[in-house]
Every structure is written in C-alpha cells, then in structure tokens.
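Undergrad: Supplied in structure tokens, the structure appears directly below.
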Protein chains: 2
Amino acid sequence: MKKISLLAPGPTPVPPRTLLAMAQPLIHHRSADFMEVIGQVRAGLKKVFQTANDVLVFSSSGTGAMESAVANLLCPGDKAIAVRGGKFGERWSLILKAYGCQPVDLDVPWGQAVKPADVEKLLAADPSIKAVFVQALETSTGVDHPIAELAQVTKKTKAVLVVDAVSALGAYSIPTDQWGLDVVLSGSQKALMLPPGLAFASIGPKALEMMKTSTLPKFYFSWAKELKSQGENKGAFTSPVTLFMGLLDIFKYLDEIGMDKIFAETALNSKAFKAAVKAWGLDLYSKERPSPALTAVQCPEGVDGQKVVKWLKDKYGIFIAGGQDQAKGKIFRVAHMGYINQFDTLQGISAIEMALKGLGYSFQMGAGAAAAQKVFGEA
Amino acid sequence: MKKISLLAPGPTPVPPRTLLAMAQPLIHHRSADFMEVIGQVRAGLKKVFQTANDVLVFSSSGTGAMESAVANLLCPGDKAIAVRGGKFGERWSLILKAYGCQPVDLDVPWGQAVKPADVEKLLAADPSIKAVFVQALETSTGVDHPIAELAQVTKKTKAVLVVDAVSALGAYSIPTDQWGLDVVLSGSQKALMLPPGLAFASIGPKALEMMKTSTLPKFYFSWAKELKSQGENKGAFTSPVTLFMGLLDIFKYLDEIGMDKIFAETALNSKAFKAAVKAWGLDLYSKERPSPALTAVQCPEGVDGQKVVKWLKDKYGIFIAGGQDQAKGKIFRVAHMGYINQFDTLQGISAIEMALKGLGYSFQMGAGAAAAQKVFGEA
C-alpha cells in the first residue's frame, strides 16, 4: 500500500477536513454570501500577516504576486535591487527585465544569506534605486534572508522592501508591521496548507504611495483595482470560490491550534530533521541561516539527489524535492511547514535512510531516525 | 431545507464525483506523475477546443487569459478593435488602454451582435489594426457574436482574431481550426463544470507569428515561456494541482457522455427556458443571436431584476445572476451550460415564477413550467 505523502516545500498536505470543505457545493462568487466570505478572508489574512495593511488576494500562483509588486510599484527604466541567492531571487531579476526595469543584481552564493550591509551600500551609492526585492525564505536553498534587518536598512531610504514570503509565511513568525515590511507576498500551498491557486500581497503605506506614481502596465494584477474591489468585499475578477472556502477552514484550524504552537511544531520538525542529517554524517546545503520551514541537504559524494527524490516517490509514494538549476542533483529538500507533524517527519527520515542505503551511501541505518526521535522525545 | 443550486452563468455546478476527485490527497506539481497529468490535460484541451494548436493553461481567472492575449500579441501604441457589446467587450478596451495600446472601439448596443461587415470596414480603413478582440458569448447580454463569420473577415487581413469563449466553450460547438480562430480563450468555471481558477488559451499559427514581434511586458502570462514549459508537460509556475485533477475527471465525463450530447442538452435547456420566458409574456434581453448557453430575461415593468436574484437566493438557495452596469436591475440571467439538466432548469423556472409573482408581476402561474415541460417532453 503506497500512501501519498507530501514532504516537498509546496504543495504541502491539505487537512482532510479542508479537502471536504472545498468539496461542498459552490456558492456564487457575486452573491452577498460570498461577500461575507471575502470579508472573513480579508480579516483572517491580516491576522496571519500580522498587519493592519490590506492584504490582497489573487487567483494565481505566487509568481503572479511577485509580478504584481514590480508592475504596481515601478516605472519603465526604474532601478531596483534583486537579491539573487537562489532560483527565486533570480526570478525577481527576470521579472524586472521583462518589465523594462533595471535590476541591480545583488548576487549571493547559493546557500548563503544576503548581508544587510551590502544592500545598504548599494542604496547609498545610488539613491535612485526604488525597491529591494528579496525572499524571506529562498526555497531553492533553504536559507532565510534577514528581512527584519533589511527593513531597518530600507526604512532609512526612499526604497521599499518587497518580501516574497511564499514559503515562509505561516511557517515562522513574520510580523509585517512590527518589522516594517512594505510589501509581503505569499501563496496558498505552503504553510497555509491549501492547494496552489491563491496568492497574497500585503501592501503598506510606503508602497501605497509609490504605487500612485507607477506607470508600468497592469490590469489583472492591478493593486489599485483590487484595493477598491476587495475593500468592498468583492473580487475585481472571478474569485476561486473553492479555495476561498478552504482558506476559511484553514483560518478556523489555525485559530483552534494557535499560530505560536504551529510555529513551534514546524521548528521542532526542522530541529529533528536537521539532527537526522547530522547523524547521517551529511551537511546542510544552507550554510547560513537554515530555515525552520524546510531543510536542504547536501548529497554525499556519488549519490544523485534526483535519484533520492525518485526513490521515495516510486517506492513509497513520498514526495520530496530535488535541487533546482545549479543545485540540481546535488541536494534534496524536505519541508517541515504546514500540515506536517513529527510522524510525517520520521516517515520522511526513514524513507530517506532506506534510499541513501539503496543508492550506495554507507552510514549506520537508523541513526537519523534515532536522532530525530531523541529531539521529539525531549520536546 | 435549502439546497444550494447554481444557475448563474458561472461558476456552474461541479459534478459531485469531480468534487471528490479534487478532494484526494495532492501529488507534487514537479513530479513525473504530475507531468503525465499535464500531458493528459493538454490532449483533453485540444479535443475540447477542436484544435491541433497548443492550448495553454494558466492559474488565473478568464481575465488573466484575456490580458495574456493583449500582452503577448501587441506592442505599445498598437491599434486593435475591441467589440464592445457588453461588459466583457468593454474589458478588452480597458486592457488595451492599460497596456498603452490604442483600442478601436466598435460599439454594439447591448443585446445585439456585432456585424462582420462593420469589422471589415474598420480593418479596410486602417490596415495597421493588428487584432480584433471579441467575445463568442457576451455573458452580460446573452448574445453570441458571429465568430465564424468574423474569422472569414480577419483571415483576409493581417489582423488576428482573438475570441473570449470563457462562457461559450463546451456549451456549444466552437471548431477552432475549422473556423480558423487565431486565439480562443476559456476558463474552468462555466461549461467545463469546474470551480474557477484555470484559464486557457489556444494559440494558432498566425497568432504565434505575431507573438514573436510583441514587445509588451509579460512574465506570468508569457505565452513563449508556457509554450516551452507546457510543451515539455511542465508548468512554468506552480500549477493548481487540484483543479488539474478535476479537469482530468471532467474530460473523462465528457468522453463518457459525448460532446454532441452535451451540446444538445444545453440547447434543449435553453429552448425550454426561452419557451418559459415567452409563456410569462416576457422578452429576451438578447435581441439578436440569443445564446444557448444562457438566457438574459428583460424584467417586466416595475420588477427589479436584482430583487428576483435576491428572492431566489434568500428564499430557495438558488443562485442566478442579475444585470451588470447599464443592465443592472433590468434583467436577470440564467445558465444552461455545464452540469445543469432539465430538472435544474425546471426548478429555476418554478422558482422564478414564484419570485415574479411575489414581486407583483401578474401572469398565469405555472405557464412557464408547462411550456418548458412541453419542450422537454417533445425532445
């Protein structure tokens, strides 16, 4: 019996009760009933984003929200820093170029975190730079960038800080307002435990001001349009009704458990998994600030990360993720966020042990599981 | 007991088996298993679109697909005809303006269909016009524009024909290749019986050529990017996994029943409903080419269309749609496409009769139901 188990950094498992909430008959997206749903979603998002800002919802993947930030803040030819420490950081640069802006690429070796001082230097050297685009968690490397510190830097300048928190929000605390994050983006399919299809954008006052002067073309992703519509509890365009119903159920679930407990559980899964990695004699791919939301593991010599992923999927029905681009084959990545508990984590550890052994890596079978059990037992 | 019943022109009811197919545990969107799903979705879409063209899938509402057509075909300042015969026709003009193009607005009174000769005249008068944007079914008025005839006009020129078939595709036959439609767009939540969240774009050879010269900014909706990715059975960005699984189930369902039978059932629902409208002594809002996919009914003097909609929703749990913009309050709209059968239609007719009576319209109760039953009985 192969049971499907999602341990990749998104999409993460959806709670069965939420799957069933989404399997109820749909209601009409232009009804008073659905306006009430949108109102509840708006309130719930503010809570999860820890903000008083409006948090917009888009029917798209997280990349749509990233594009919306570029299109709604900038003008053609504008300069903006793209923190490129992985595949998603590189995406900022690509979007900026696609829109005729000038990316100021701040290259960070994969596996490392950006240094706020480097951002500060770039901003000081060129005050015409209008924005800093960065990831909270660079999903391709498992590294958390220091976004609280980056906000300290940007708040002294005219530049806005745009944080892609697609895989971070809900996995650990991101206090948008307390840290002064101008724009925070996220998606439904990571710590928010839903299928992919919803993207979010929290927009602070400094970003709202910059938005007013932006001349890049936008329509579907227009913040101004959605601020008006969603401010009246309507979507400018057809809302993905089932995902909204799912999101309401997730908010209920988060309330029942409490966000702090969820953050703690994610952190504990991460700690246990990272202990297993050490017990295998392996290293993290994330040399700095490894995220609690996921672990990127450096493969041992002679073991292809893609083969580990394939082994788990084909033999056990367990989905983890491999490396992307320059990390392809060299790493595998395992998620700890969302609807993943200690036994999911232990299952992943056991499966990886069997795969590593099967692929010829020599280590003491069971060492990883034991190390993780110890962490869980002590908690 | 109020049972929710969707009779609005989207979202339409989702078959329970499809809701349950979407409630299964998710698989990972970057796995070989999901690549197979994308392959099947691609093949199924070609069948439904009746085309050998690539049909791209986007995680967005239908408006995203509309925007993609503008952004991927045109350059700043380009001229394009927007057939404005309703709210969705007007949207073409708004998107063109948002992108710095010059819409050539061809205004058609709401409730009427565009005359191909008028398009021909505009194109002849200005050969620099690069595209004609039109709806197959203008959902706000219930009118089908003559897209086969429009294709006869555009094929003699350099202009491409872009058809928004969001509410038409799957409700009646739209033979993309036979009619020579350059671009056909659709969405998941109408005749394809799914929740909202997927948009589609079939792209023919003439459009592919024009795409190569387009300089408008695009990233998330880039056709070139998705043609490459989806051509390899991958999504450029995170695919909405559950909706893809739902779409596979819908394709199975369409195959079991047969598209011709589905078209016939939609047409019969429409015929029966329109017979009921006549029996009530009311007129269609669609003065020309009323669509088989939905019926837009002109309200009697003194009856507010919005109140009819509210009556059905509040008292019976039945969702129909009111009028939009200039038609607001004057009409109500009832869908016949998708997972809607004769008894859903009869239920809608009965409910509307009770609402019309309750709102003070004087007519013979039961006359509409009888007229519809006669149509169904004779079929």
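Lettering and numbering for the structure tokens are positional, with chains as A, B, ... in the shown order, residues counted from 1 in each chain, and ligands counted from 1 in the shown order.
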Set the distance at 10 Å and use only C-alpha atoms: which residues neighbour region 357-370 of chain B once local chain neighbours fewer than 6 positions away are removed? I'd like the list as JSON, numbers by chain.

TA: {"B": [272, 273, 274, 275, 276, 277, 278, 279, 280, 281, 282, 299, 300, 301, 302, 303, 304, 307, 308, 311, 345, 346, 347, 348, 349, 350, 351, 376]}

Undergrad: Kindly determine which residues of chain B lie within 8 Å of chain A, considering only C-alpha atoms, and give the answer as a PyMOL selection string.

TA: chain B and resi 4+6+8+10-11+13-14+16+19-20+22-29+31+58-64+67+95+98-100+195-197+217-220+237-242+319

Undergrad: Let's have the selection written as an mmCIF file, in the first residue's frame, with C-alpha atoms.

TA:
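Listing of again-v6.cif after writing:
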```
data_model
loop_
_atom_site.group_PDB
_atom_site.id
_atom_site.type_symbol
_atom_site.label_atom_id
_atom_site.label_comp_id
_atom_site.auth_asym_id
_atom_site.auth_seq_id
_atom_site.Cartn_x
_atom_site.Cartn_y
_atom_site.Cartn_z
ATOM 1 C CA ILE B 4 -27.706 25.212 -2.997
ATOM 2 C CA LEU B 6 -26.151 27.223 -9.149
ATOM 3 C CA ALA B 8 -25.802 31.582 -12.770
ATOM 4 C CA GLY B 10 -20.533 30.653 -13.840
ATOM 5 C CA PRO B 11 -19.439 29.247 -11.558
ATOM 6 C CA PRO B 13 -22.313 23.265 -10.517
ATOM 7 C CA VAL B 14 -19.399 20.848 -10.222
ATOM 8 C CA PRO B 16 -20.029 15.511 -7.062
ATOM 9 C CA LEU B 19 -15.543 17.435 -6.221
ATOM 10 C CA LEU B 20 -14.407 14.171 -4.660
ATOM 11 C CA MET B 22 -10.358 17.076 -6.199
ATOM 12 C CA ALA B 23 -10.608 16.085 -2.520
ATOM 13 C CA GLN B 24 -7.998 13.311 -2.936
ATOM 14 C CA PRO B 25 -4.530 13.852 -1.454
ATOM 15 C CA LEU B 26 -2.450 16.100 -3.692
ATOM 16 C CA ILE B 27 0.547 14.940 -5.669
ATOM 17 C CA HIS B 28 3.619 17.082 -6.167
ATOM 18 C CA HIS B 29 3.493 19.517 -9.088
ATOM 19 C CA SER B 31 6.845 15.045 -10.227
ATOM 20 C CA PHE B 58 -2.928 29.492 -16.638
ATOM 21 C CA SER B 59 -3.634 29.620 -12.931
ATOM 22 C CA SER B 60 -5.946 32.653 -13.079
ATOM 23 C CA SER B 61 -9.459 33.730 -13.886
ATOM 24 C CA GLY B 62 -10.519 34.164 -17.510
ATOM 25 C CA THR B 63 -9.480 37.809 -17.404
ATOM 26 C CA GLY B 64 -5.879 36.668 -16.996
ATOM 27 C CA GLU B 67 -4.766 40.045 -20.649
ATOM 28 C CA ILE B 95 -6.971 46.056 -21.049
ATOM 29 C CA ALA B 98 -3.882 49.678 -19.575
ATOM 30 C CA TYR B 99 -1.140 48.369 -21.874
ATOM 31 C CA GLY B 100 -0.732 51.595 -23.810
ATOM 32 C CA PRO B 195 -14.540 25.724 -9.810
ATOM 33 C CA PRO B 196 -12.927 28.961 -11.037
ATOM 34 C CA GLY B 197 -9.127 29.113 -11.105
ATOM 35 C CA PRO B 217 5.835 43.302 -20.948
ATOM 36 C CA LYS B 218 4.762 39.856 -19.762
ATOM 37 C CA PHE B 219 6.115 37.315 -17.366
ATOM 38 C CA TYR B 220 3.487 35.301 -15.504
ATOM 39 C CA PHE B 237 4.960 28.187 -12.396
ATOM 40 C CA THR B 238 3.137 26.186 -9.717
ATOM 41 C CA SER B 239 0.100 24.517 -11.267
ATOM 42 C CA PRO B 240 -3.164 24.444 -9.295
ATOM 43 C CA VAL B 241 -2.895 20.692 -8.777
ATOM 44 C CA THR B 242 -6.436 20.030 -7.543
ATOM 45 C CA PHE B 319 -28.172 31.429 -7.492
#
```

Undergrad: Using CA of Lys287 (chain A) and CA of Asp144 (chain A) as the two end points, give the distance in Å to one decimal.

TA: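 Going from CA of Lys287 (chain A) over to CA of Asp144 (chain A) covers 10.7 Å.
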
Undergrad: Env of Glu149 (chain A): 12 Å cut, atoms = only C-alpha atoms, seq-sep filter 6 positions within chain, self excluded. Answer as an MDAnalysis selection string.

TA: chainID A and resid 113:120 136 155:156 161 178:181

Undergrad: Next, write the just-selected residues to a file, as an mmCIF file, in the first residue's frame, keeping C-alpha atoms as the atom set.

TA:
```
data_model
loop_
_atom_site.group_PDB
_atom_site.id
_atom_site.type_symbol
_atom_site.label_atom_id
_atom_site.label_comp_id
_atom_site.auth_asym_id
_atom_site.auth_seq_id
_atom_site.Cartn_x
_atom_site.Cartn_y
_atom_site.Cartn_z
ATOM 1 C CA ALA A 113 22.105 34.811 3.167
ATOM 2 C CA VAL A 114 22.298 38.388 1.949
ATOM 3 C CA LYS A 115 24.250 40.815 4.122
ATOM 4 C CA PRO A 116 22.137 43.858 5.017
ATOM 5 C CA ALA A 117 25.308 45.990 4.828
ATOM 6 C CA ASP A 118 25.648 45.088 1.141
ATOM 7 C CA VAL A 119 22.113 46.312 0.478
ATOM 8 C CA GLU A 120 22.847 49.447 2.480
ATOM 9 C CA ALA A 136 12.090 35.675 3.281
ATOM 10 C CA LYS A 155 13.298 52.416 6.184
ATOM 11 C CA LYS A 156 16.109 54.996 6.216
ATOM 12 C CA LEU A 161 11.250 46.467 0.746
ATOM 13 C CA GLN A 178 6.423 45.375 13.667
ATOM 14 C CA TRP A 179 9.318 44.802 11.282
ATOM 15 C CA GLY A 180 8.086 47.466 8.880
ATOM 16 C CA LEU A 181 7.904 45.261 5.781
#
```

Undergrad: Taking only C-alpha atoms into account, which of B:Lys121, B:Gly258, B:Phe263, B:Val166 comes nearest Leu150 (chain B)?

TA: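 Smallest separation from Leu150 (chain B) among the options: B:Lys121.
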
Undergrad: Run DSSP on the backbone and grab whatever in region 56-114 of chain B lands in strand (DSSP E or B); send it over as a short mmCIF file (atom, residue, chain, number, x, y, z; two decimals) with C-alpha atoms, in the first residue's frame.

TA:
```
data_model
loop_
_atom_site.label_atom_id
_atom_site.label_comp_id
_atom_site.auth_asym_id
_atom_site.auth_seq_id
_atom_site.Cartn_x
_atom_site.Cartn_y
_atom_site.Cartn_z
CA LEU B 56 -2.03 26.80 -22.67
CA VAL B 57 -3.28 26.61 -19.09
CA PHE B 58 -2.93 29.49 -16.64
CA SER B 59 -3.63 29.62 -12.93
CA LYS B 79 -4.26 49.56 -32.72
CA ALA B 80 -6.79 46.80 -32.15
CA ILE B 81 -10.55 46.54 -32.47
CA ALA B 82 -12.48 45.95 -29.26
CA VAL B 83 -16.01 44.75 -29.98
CA ARG B 84 -17.92 46.42 -27.16
CA GLN B 102 -5.00 52.14 -28.98
CA PRO B 103 -8.37 50.44 -28.80
CA VAL B 104 -10.57 51.00 -31.84
CA ASP B 105 -13.88 50.67 -30.07
CA LEU B 106 -16.63 49.08 -32.12
CA ASP B 107 -19.69 49.82 -30.03
#
```

Undergrad: Let's see if you can do this: from backbone DSSP, list all alpha helix (DSSP H) residues in region 108-167 of chain B, as a PyMOL selection string.

TA: chain B and resi 116-125+147-154

Undergrad: Just C-alpha atoms for this one: save the residues we selected as a short mmCIF file (atom, residue, chain, number, x, y, z; two decimals), in the first residue's frame.

TA:
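Final output, saved to out-v4.cif:
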```
data_model
loop_
_atom_site.label_atom_id
_atom_site.label_comp_id
_atom_site.auth_asym_id
_atom_site.auth_seq_id
_atom_site.Cartn_x
_atom_site.Cartn_y
_atom_site.Cartn_z
CA PRO B 116 -18.99 41.34 -39.51
CA ALA B 117 -19.29 43.99 -42.23
CA ASP B 118 -18.57 46.69 -39.63
CA VAL B 119 -15.38 44.92 -38.62
CA GLU B 120 -14.47 44.50 -42.28
CA LYS B 121 -14.93 48.23 -42.88
CA LEU B 122 -12.73 49.21 -39.93
CA LEU B 123 -9.98 46.81 -40.99
CA ALA B 124 -10.12 48.04 -44.59
CA ALA B 125 -9.98 51.67 -43.47
CA ILE B 147 -17.25 34.49 -34.65
CA ALA B 148 -17.17 32.09 -37.63
CA GLU B 149 -18.09 35.00 -39.89
CA LEU B 150 -15.59 37.29 -38.18
CA ALA B 151 -12.87 34.75 -38.90
CA GLN B 152 -13.81 34.94 -42.59
CA VAL B 153 -13.17 38.68 -42.38
CA THR B 154 -9.89 38.61 -40.45
#
```

Undergrad: What lies within 8 Å of Ser286 (chain A) using only C-alpha atoms, ignoring chain neighbours under 6 positions off, as a list in words?

TA: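 Within the cut-off, the hits are Trp110, Gly111, Gln112, Thr141, Gly142, Val143, Thr295, Ala296 and Val297 of chain A.
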
Undergrad: Using only C-alpha atoms, determine which residues lie at most 8 Å from Met211 (chain B), disregarding the query and same-chain residues fewer than 6 positions distant; provide the list as a PyMOL selection string.

TA: chain B and resi 72-74

Undergrad: Would you save the residues of that selection, restricted to C-alpha atoms, as a PDB file, in the first residue's frame?

TA:
```
ATOM      1  CA  ASN B  72       1.626  38.558 -25.997  1.00  0.00           C
ATOM      2  CA  LEU B  73       0.381  39.829 -29.355  1.00  0.00           C
ATOM      3  CA  LEU B  74       0.814  43.588 -29.335  1.00  0.00           C
TER       4      LEU B  74
END
```

Undergrad: Rank nothing, just name the residue among A:Thr266, A:Ile257, A:Met337, A:Val70 nearest to Leu192 (chain A), using only C-alpha atoms.

TA: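 With only C-alpha atoms as the atom set, the closest residue is A:Met337.
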